[in-house]
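As structure tokens, the structure follows; a few thoughts come after it.
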Amino acid sequence: MKLIKSGMVLAAAWVSQFAAGQTLPDGAEPVPEFLASQALAAESVGGDEADFRSLDTEIQDLKGLVLELNRDLFLLEEELLFPANTQVSIFVSMDVGEFFGLDSVQIQLDDKNLANYLYTSREIDALVRGGVHQLYLGNVRAGEHELVAIFTGTGPHARDYRRGATLSFEKGIGPKYIELSISDRQQALQPEFVVREWE
Amino acid sequence: MREGAPRSSWITRPAIALCLVLLSILVTSLVSAATQLSGLPAPDFVLKSLSGENLRLSEYRGQVVIVTFWATWCGDCRAQLSEFDALHDSYQDDDFELLAVSLDQNWSELKKTATELDLSYPTLHDADLVVSKLYDVNSMPVSVLIDRDGFVREVVEDHRRARGQSMSDRVGELLGDW
């Protein structure tokens, strides 16, 4: 392609050189008009392509900046709405294969319902692959609190399964992170539900 | 006022104007708030289907979706659901899904009716009426047409408008917008 374009440019140069009335060398034939015009067009197209590429690069850079800004704004919003001295985050993680099919998780803090989340098959797949779901983010006053998590799903032998787990914790100055973990307990052939704090 | 005009016209014309104003206010108030969702992102929700799986609306992003609200005691709804079955079949291999959200309180009655209707698309149970409130559903049937980007394109409250070719054409248009 480049060879064709350069050939066309040379042909255009040839034409322009002899446009002022100079005679062609012996045996030489004049370049057809359409070829000369094609050469000029090819040169302008090459220029347009370069402009297009640089514009595309600029747009991609802008997109990246917008995404970064969006992320920063999101973090700032979270810090403003949920300051560290009252922030509580509750996460759900799974490490199961055989003994439990999760359907929903309900959480209560000091006998008050915080969340009741239904999990779709896609979300469960993400959890099993190692994903962690932020089930709740909120503000809690400092002091002693009791968290109750109720897990509903399908247990061994495809039977309906509903289990609860409790955690008493002390909310201090910094943010509190709590994990609700679901895993297989091979020895008992049963699922295991653990509520623990992240240190 | 022209001299000699009948006294009754003094009362009649303003009265008529007042009646028209009141009528327009009444008609406006009767338009469901659901229709005000047109052009806005469809509120996301997750409900349990009769087959037991949990279905989340946002997971259908990229597909054209019709969410139709119905109840077992609503005759027009049941007729529409059967017609939507044909629509679902015709676009079965395309990026299209239908979700029938039931507002029935009685699970058994719902299950029985759904079995009789033998629908080819999921039936979801909104027992707590959370989703119907989210979509401001005041009458039934109501069908919400959602495009591939998750925006509400149209809310159809008149089941006659939701019938047959017109809805099929609308779905076809949205499927082509990609």
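Each chain in the structure tokens gets a letter, A, B and so on, in the order shown; residues start at 1 in every chain, and ligands are counted from 1 in the order they appear.
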Subject >> Spatial neighbours of range 112-122 of chain A, max dist 9 Å, only C-alpha atoms, sep filter under 4 positions, as JSON, numbers by chain >> reply: {"A": [102, 103, 104, 105, 106, 107, 108, 126, 127, 135, 136], "B": [46, 47, 48, 53, 54, 55, 56, 59]}
Original post:
If you run DSSP on this backbone, which residues of range 148-179 of chain A come out as strand (DSSP E), and could you give them as number ranges by chain?
Top reply: A: 148-154, 160-171, 176-179
Original post:
Could you pull the residues within 6 Å of range 126-130 of chain B, counting only C-alpha atoms, minus those fewer than 5 positions along the same chain, as a VMD selection string?
Top reply: chain B and resid 102 to 103 105
Take the residues from that selection and put them in a file with C-alpha atoms, as a PDB file, in the first residue's frame.
ATOM      1  CA  SER B 102     -47.386 -11.203  39.751  1.00  0.00           C
ATOM      2  CA  LEU B 103     -48.850  -9.104  42.533  1.00  0.00           C
ATOM      3  CA  GLN B 105     -50.433 -12.548  47.776  1.00  0.00           C
TER       4      GLN B 105
END
Original post:
So which residues touch range 76-90 of chain A within 8 Å, counting only C-alpha atoms, skipping near sequence neighbours fewer than 4 positions away, as a PyMOL selection string?
Top reply: chain A and resi 72+134-142+171-180
Selection from above, N, CA and C atoms, as a PDB file, in the first residue's frame, can you write it?
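Here's the written file result_32.pdb:
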ATOM      1  N   ASP A  72     -12.672   8.536  41.864  1.00  0.00           N
ATOM      2  CA  ASP A  72     -12.297   9.416  42.975  1.00  0.00           C
ATOM      3  C   ASP A  72     -13.535  10.034  43.621  1.00  0.00           C
ATOM      4  N   GLN A 134     -20.187  -6.737  48.986  1.00  0.00           N
ATOM      5  CA  GLN A 134     -20.452  -5.798  50.084  1.00  0.00           C
ATOM      6  C   GLN A 134     -21.959  -5.742  50.291  1.00  0.00           C
ATOM      7  N   LEU A 135     -22.432  -6.449  51.271  1.00  0.00           N
ATOM      8  CA  LEU A 135     -23.865  -6.578  51.508  1.00  0.00           C
ATOM      9  C   LEU A 135     -24.447  -5.315  52.134  1.00  0.00           C
ATOM     10  N   TYR A 136     -23.654  -4.678  53.007  1.00  0.00           N
ATOM     11  CA  TYR A 136     -24.179  -3.511  53.720  1.00  0.00           C
ATOM     12  C   TYR A 136     -23.069  -2.521  54.003  1.00  0.00           C
ATOM     13  N   LEU A 137     -23.389  -1.250  53.856  1.00  0.00           N
ATOM     14  CA  LEU A 137     -22.491  -0.171  54.248  1.00  0.00           C
ATOM     15  C   LEU A 137     -23.331   0.871  54.955  1.00  0.00           C
ATOM     16  N   GLY A 138     -22.994   1.147  56.196  1.00  0.00           N
ATOM     17  CA  GLY A 138     -23.822   2.085  56.934  1.00  0.00           C
ATOM     18  C   GLY A 138     -23.080   2.697  58.101  1.00  0.00           C
ATOM     19  N   ASN A 139     -23.830   3.443  58.897  1.00  0.00           N
ATOM     20  CA  ASN A 139     -23.259   4.129  60.061  1.00  0.00           C
ATOM     21  C   ASN A 139     -23.815   3.532  61.346  1.00  0.00           C
ATOM     22  N   VAL A 140     -22.948   3.336  62.287  1.00  0.00           N
ATOM     23  CA  VAL A 140     -23.343   2.761  63.574  1.00  0.00           C
ATOM     24  C   VAL A 140     -22.642   3.547  64.681  1.00  0.00           C
ATOM     25  N   ARG A 141     -23.339   3.804  65.757  1.00  0.00           N
ATOM     26  CA  ARG A 141     -22.710   4.562  66.841  1.00  0.00           C
ATOM     27  C   ARG A 141     -21.693   3.684  67.553  1.00  0.00           C
ATOM     28  N   ALA A 142     -20.803   4.338  68.261  1.00  0.00           N
ATOM     29  CA  ALA A 142     -19.772   3.606  68.998  1.00  0.00           C
ATOM     30  C   ALA A 142     -20.411   2.832  70.145  1.00  0.00           C
ATOM     31  N   LYS A 171     -17.898  -1.337  68.513  1.00  0.00           N
ATOM     32  CA  LYS A 171     -17.604  -0.329  67.483  1.00  0.00           C
ATOM     33  C   LYS A 171     -16.774   0.770  68.103  1.00  0.00           C
ATOM     34  N   GLY A 172     -15.561   0.910  67.567  1.00  0.00           N
ATOM     35  CA  GLY A 172     -14.654   1.935  68.100  1.00  0.00           C
ATOM     36  C   GLY A 172     -14.572   3.125  67.171  1.00  0.00           C
ATOM     37  N   ILE A 173     -13.380   3.704  67.115  1.00  0.00           N
ATOM     38  CA  ILE A 173     -13.189   4.936  66.345  1.00  0.00           C
ATOM     39  C   ILE A 173     -13.090   4.651  64.845  1.00  0.00           C
ATOM     40  N   GLY A 174     -12.355   3.616  64.501  1.00  0.00           N
ATOM     41  CA  GLY A 174     -12.100   3.354  63.086  1.00  0.00           C
ATOM     42  C   GLY A 174     -13.247   2.610  62.429  1.00  0.00           C
ATOM     43  N   PRO A 175     -13.177   2.435  61.120  1.00  0.00           N
ATOM     44  CA  PRO A 175     -14.222   1.686  60.416  1.00  0.00           C
ATOM     45  C   PRO A 175     -14.203   0.216  60.824  1.00  0.00           C
ATOM     46  N   LYS A 176     -15.369  -0.397  60.775  1.00  0.00           N
ATOM     47  CA  LYS A 176     -15.495  -1.811  61.164  1.00  0.00           C
ATOM     48  C   LYS A 176     -15.862  -2.622  59.933  1.00  0.00           C
ATOM     49  N   TYR A 177     -15.101  -3.698  59.711  1.00  0.00           N
ATOM     50  CA  TYR A 177     -15.376  -4.573  58.572  1.00  0.00           C
ATOM     51  C   TYR A 177     -15.719  -5.957  59.094  1.00  0.00           C
ATOM     52  N   ILE A 178     -16.843  -6.459  58.668  1.00  0.00           N
ATOM     53  CA  ILE A 178     -17.309  -7.769  59.141  1.00  0.00           C
ATOM     54  C   ILE A 178     -17.555  -8.656  57.926  1.00  0.00           C
ATOM     55  N   GLU A 179     -17.110  -9.910  58.053  1.00  0.00           N
ATOM     56  CA  GLU A 179     -17.262 -10.850  56.946  1.00  0.00           C
ATOM     57  C   GLU A 179     -18.219 -11.962  57.331  1.00  0.00           C
ATOM     58  N   LEU A 180     -19.152 -12.250  56.441  1.00  0.00           N
ATOM     59  CA  LEU A 180     -20.030 -13.417  56.603  1.00  0.00           C
ATOM     60  C   LEU A 180     -19.503 -14.466  55.639  1.00  0.00           C
TER      61      LEU A 180
END
Original post:
For chain B, which of A:Leu75, A:Ile124, A:Leu62, A:Leu67 is the closest residue, counting only C-alpha atoms?
Top reply: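 Of all the options, A:Ile124 lies closest to chain B.
Using only C-alpha atoms, the contacts of range 146-150 of chain A at a cut-off of 7 Å, with sequence neighbours closer than 6 positions omitted, comprise Val105, Gln106, Ile107, Gln108, Leu109, Asp110, Arg162, Arg163, Gly164, Ala165, Thr166, Leu167, Ser168 and Phe169 of chain A.
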Could you write those residues out with N, CA and C atoms, as a short mmCIF file (atom, residue, chain, number, x, y, z; two decimals), in the first residue's frame?
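Resulting contents of selection_12.cif:
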data_model
loop_
_atom_site.label_atom_id
_atom_site.label_comp_id
_atom_site.auth_asym_id
_atom_site.auth_seq_id
_atom_site.Cartn_x
_atom_site.Cartn_y
_atom_site.Cartn_z
N VAL A 105 -29.45 -13.85 52.02
CA VAL A 105 -28.85 -13.54 53.31
C VAL A 105 -29.61 -12.36 53.90
N GLN A 106 -29.97 -12.52 55.17
CA GLN A 106 -30.66 -11.44 55.87
C GLN A 106 -29.80 -11.05 57.07
N ILE A 107 -29.64 -9.75 57.29
CA ILE A 107 -28.84 -9.34 58.44
C ILE A 107 -29.64 -8.38 59.33
N GLN A 108 -29.43 -8.57 60.64
CA GLN A 108 -30.06 -7.70 61.62
C GLN A 108 -28.99 -7.18 62.56
N LEU A 109 -29.09 -5.91 62.87
CA LEU A 109 -28.15 -5.32 63.82
C LEU A 109 -28.95 -4.76 64.98
N ASP A 110 -28.68 -5.29 66.17
CA ASP A 110 -29.42 -4.87 67.37
C ASP A 110 -30.93 -4.99 67.14
N ARG A 162 -31.78 -23.31 56.48
CA ARG A 162 -31.81 -21.95 57.04
C ARG A 162 -31.01 -21.96 58.32
N ARG A 163 -29.97 -21.15 58.33
CA ARG A 163 -29.09 -21.13 59.51
C ARG A 163 -28.76 -19.70 59.87
N GLY A 164 -28.53 -19.49 61.17
CA GLY A 164 -28.16 -18.16 61.63
C GLY A 164 -26.79 -18.18 62.26
N ALA A 165 -26.16 -17.03 62.28
CA ALA A 165 -24.88 -16.87 62.96
C ALA A 165 -24.87 -15.50 63.62
N THR A 166 -24.24 -15.41 64.78
CA THR A 166 -24.28 -14.16 65.56
C THR A 166 -22.87 -13.68 65.87
N LEU A 167 -22.72 -12.38 65.92
CA LEU A 167 -21.45 -11.79 66.31
C LEU A 167 -21.72 -10.57 67.18
N SER A 168 -21.10 -10.54 68.34
CA SER A 168 -21.14 -9.33 69.17
C SER A 168 -19.84 -8.59 68.96
N PHE A 169 -19.91 -7.31 68.69
CA PHE A 169 -18.68 -6.57 68.44
C PHE A 169 -18.74 -5.20 69.08
#
**OP:** Find, counting only C-alpha atoms, the residue in A:Ser181, A:Gln187, A:Thr154, A:Ser54 that gets nearest to chain B.
**Re:** A:Thr154
Original post:
What is the CA of Cys77 in chain B to CA of Ala114 in chain B distance in Å?
Top reply: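 These two atoms are separated by 11.9 Å.
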**OP:** Give the helix (DSSP H, G or I) residues of range 28-136 of chain B, as assigned by DSSP on the backbone, as a PyMOL selection string.
**Re:** chain B and resi 28-30+33-37+57-60+75-90+107-117+130-134
How would the residues just chosen look if you wrote them out with N, CA and C atoms as a compact mmCIF listing (two decimals), in the first residue's frame?
# COMPACT_ATOMS: atom_id res chain seq x y z
N THR B 28 -55.66 14.27 34.23
CA THR B 28 -54.21 14.25 34.45
C THR B 28 -53.85 13.40 35.66
N SER B 29 -54.67 13.50 36.69
CA SER B 29 -54.35 12.75 37.91
C SER B 29 -54.55 11.26 37.72
N LEU B 30 -55.43 10.92 36.74
CA LEU B 30 -55.68 9.51 36.51
C LEU B 30 -54.57 8.84 35.72
N ALA B 33 -48.54 7.13 37.37
CA ALA B 33 -47.18 7.61 37.51
C ALA B 33 -46.21 6.69 36.79
N ALA B 34 -46.65 5.44 36.52
CA ALA B 34 -45.77 4.52 35.81
C ALA B 34 -45.36 5.08 34.46
N THR B 35 -46.26 5.79 33.80
CA THR B 35 -45.94 6.31 32.48
C THR B 35 -44.85 7.37 32.58
N GLN B 36 -44.68 7.93 33.77
CA GLN B 36 -43.65 8.96 33.92
C GLN B 36 -42.25 8.36 33.93
N LEU B 37 -42.18 7.04 33.91
CA LEU B 37 -40.87 6.39 33.88
C LEU B 37 -40.27 6.39 32.48
N LEU B 57 -33.27 -7.76 37.28
CA LEU B 57 -33.51 -7.07 36.01
C LEU B 57 -32.22 -6.60 35.36
N SER B 58 -31.30 -6.08 36.13
CA SER B 58 -30.08 -5.50 35.56
C SER B 58 -29.22 -6.56 34.88
N GLU B 59 -29.44 -7.82 35.19
CA GLU B 59 -28.66 -8.87 34.53
C GLU B 59 -29.13 -9.13 33.11
N TYR B 60 -30.20 -8.47 32.71
CA TYR B 60 -30.68 -8.59 31.34
C TYR B 60 -30.23 -7.42 30.49
N GLY B 75 -58.64 -10.68 34.53
CA GLY B 75 -58.91 -11.43 33.30
C GLY B 75 -58.13 -10.91 32.10
N ASP B 76 -58.07 -9.59 31.97
CA ASP B 76 -57.32 -9.00 30.85
C ASP B 76 -55.85 -9.38 30.93
N CYS B 77 -55.35 -9.47 32.17
CA CYS B 77 -53.94 -9.81 32.35
C CYS B 77 -53.66 -11.21 31.81
N ARG B 78 -54.55 -12.12 32.15
CA ARG B 78 -54.34 -13.51 31.74
C ARG B 78 -54.39 -13.63 30.22
N ALA B 79 -55.28 -12.89 29.60
CA ALA B 79 -55.37 -12.92 28.14
C ALA B 79 -54.08 -12.36 27.53
N GLN B 80 -53.62 -11.29 28.12
CA GLN B 80 -52.40 -10.67 27.60
C GLN B 80 -51.19 -11.58 27.77
N LEU B 81 -51.13 -12.27 28.86
CA LEU B 81 -49.99 -13.16 29.10
C LEU B 81 -49.92 -14.24 28.03
N SER B 82 -51.06 -14.75 27.66
CA SER B 82 -51.09 -15.79 26.62
C SER B 82 -50.62 -15.22 25.28
N GLU B 83 -51.02 -13.98 25.01
CA GLU B 83 -50.56 -13.35 23.76
C GLU B 83 -49.06 -13.09 23.80
N PHE B 84 -48.58 -12.72 24.96
CA PHE B 84 -47.14 -12.48 25.11
C PHE B 84 -46.35 -13.78 24.92
N ASP B 85 -46.99 -14.89 25.16
CA ASP B 85 -46.33 -16.17 24.95
C ASP B 85 -45.92 -16.31 23.48
N ALA B 86 -46.83 -15.93 22.60
CA ALA B 86 -46.54 -15.99 21.16
C ALA B 86 -45.42 -15.02 20.81
N LEU B 87 -45.46 -13.87 21.43
CA LEU B 87 -44.41 -12.86 21.19
C LEU B 87 -43.06 -13.40 21.63
N HIS B 88 -43.03 -14.04 22.78
CA HIS B 88 -41.79 -14.60 23.31
C HIS B 88 -41.25 -15.68 22.39
N ASP B 89 -42.13 -16.48 21.86
CA ASP B 89 -41.72 -17.55 20.95
C ASP B 89 -41.13 -16.99 19.66
N SER B 90 -41.73 -15.93 19.17
CA SER B 90 -41.27 -15.40 17.88
C SER B 90 -39.89 -14.75 18.00
N TRP B 107 -49.35 -17.58 47.08
CA TRP B 107 -48.39 -18.30 46.23
C TRP B 107 -49.04 -19.49 45.54
N SER B 108 -49.87 -20.20 46.29
CA SER B 108 -50.48 -21.43 45.73
C SER B 108 -51.38 -21.09 44.55
N GLU B 109 -52.18 -20.04 44.72
CA GLU B 109 -53.08 -19.63 43.64
C GLU B 109 -52.29 -19.20 42.42
N LEU B 110 -51.20 -18.51 42.67
CA LEU B 110 -50.34 -18.05 41.58
C LEU B 110 -49.74 -19.24 40.85
N LYS B 111 -49.24 -20.18 41.62
CA LYS B 111 -48.61 -21.36 41.03
C LYS B 111 -49.61 -22.14 40.18
N LYS B 112 -50.81 -22.24 40.68
CA LYS B 112 -51.87 -22.99 39.98
C LYS B 112 -52.20 -22.30 38.66
N THR B 113 -52.37 -20.98 38.72
CA THR B 113 -52.73 -20.24 37.50
C THR B 113 -51.59 -20.27 36.49
N ALA B 114 -50.38 -20.12 36.97
CA ALA B 114 -49.23 -20.12 36.07
C ALA B 114 -49.09 -21.48 35.38
N THR B 115 -49.39 -22.52 36.12
CA THR B 115 -49.32 -23.87 35.53
C THR B 115 -50.36 -24.03 34.44
N GLU B 116 -51.54 -23.48 34.71
CA GLU B 116 -52.61 -23.56 33.70
C GLU B 116 -52.24 -22.78 32.44
N LEU B 117 -51.62 -21.61 32.66
CA LEU B 117 -51.28 -20.77 31.51
C LEU B 117 -50.10 -21.34 30.73
N VAL B 130 -43.21 -4.67 46.52
CA VAL B 130 -42.10 -3.71 46.51
C VAL B 130 -41.85 -3.21 45.08
N VAL B 131 -41.83 -4.15 44.14
CA VAL B 131 -41.52 -3.78 42.76
C VAL B 131 -42.67 -3.00 42.14
N SER B 132 -43.88 -3.38 42.46
CA SER B 132 -45.02 -2.65 41.89
C SER B 132 -45.04 -1.20 42.39
N LYS B 133 -44.59 -0.99 43.62
CA LYS B 133 -44.49 0.38 44.14
C LYS B 133 -43.36 1.12 43.45
N LEU B 134 -42.30 0.40 43.18
CA LEU B 134 -41.15 0.99 42.50
C LEU B 134 -41.55 1.52 41.12
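As for CA of Cys74 in chain B and CA of Asp136 in chain B, they are spaced 17.7 Å apart.
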Subject >> Closest of B:Ser49, B:Val21, B:Val67, B:Val155 to chain A - atom-to-atom distances counting only C-alpha atoms >> reply: B:Ser49
**OP:** Point out the residue among A:Gly131, A:Gly47, A:Leu73, A:Gly153 with the least atom-to-atom distance to chain B, counting only C-alpha atoms.
**Re:**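 Nearest candidate to chain B out of A:Gly131, A:Gly47, A:Leu73, A:Gly153: A:Gly153.
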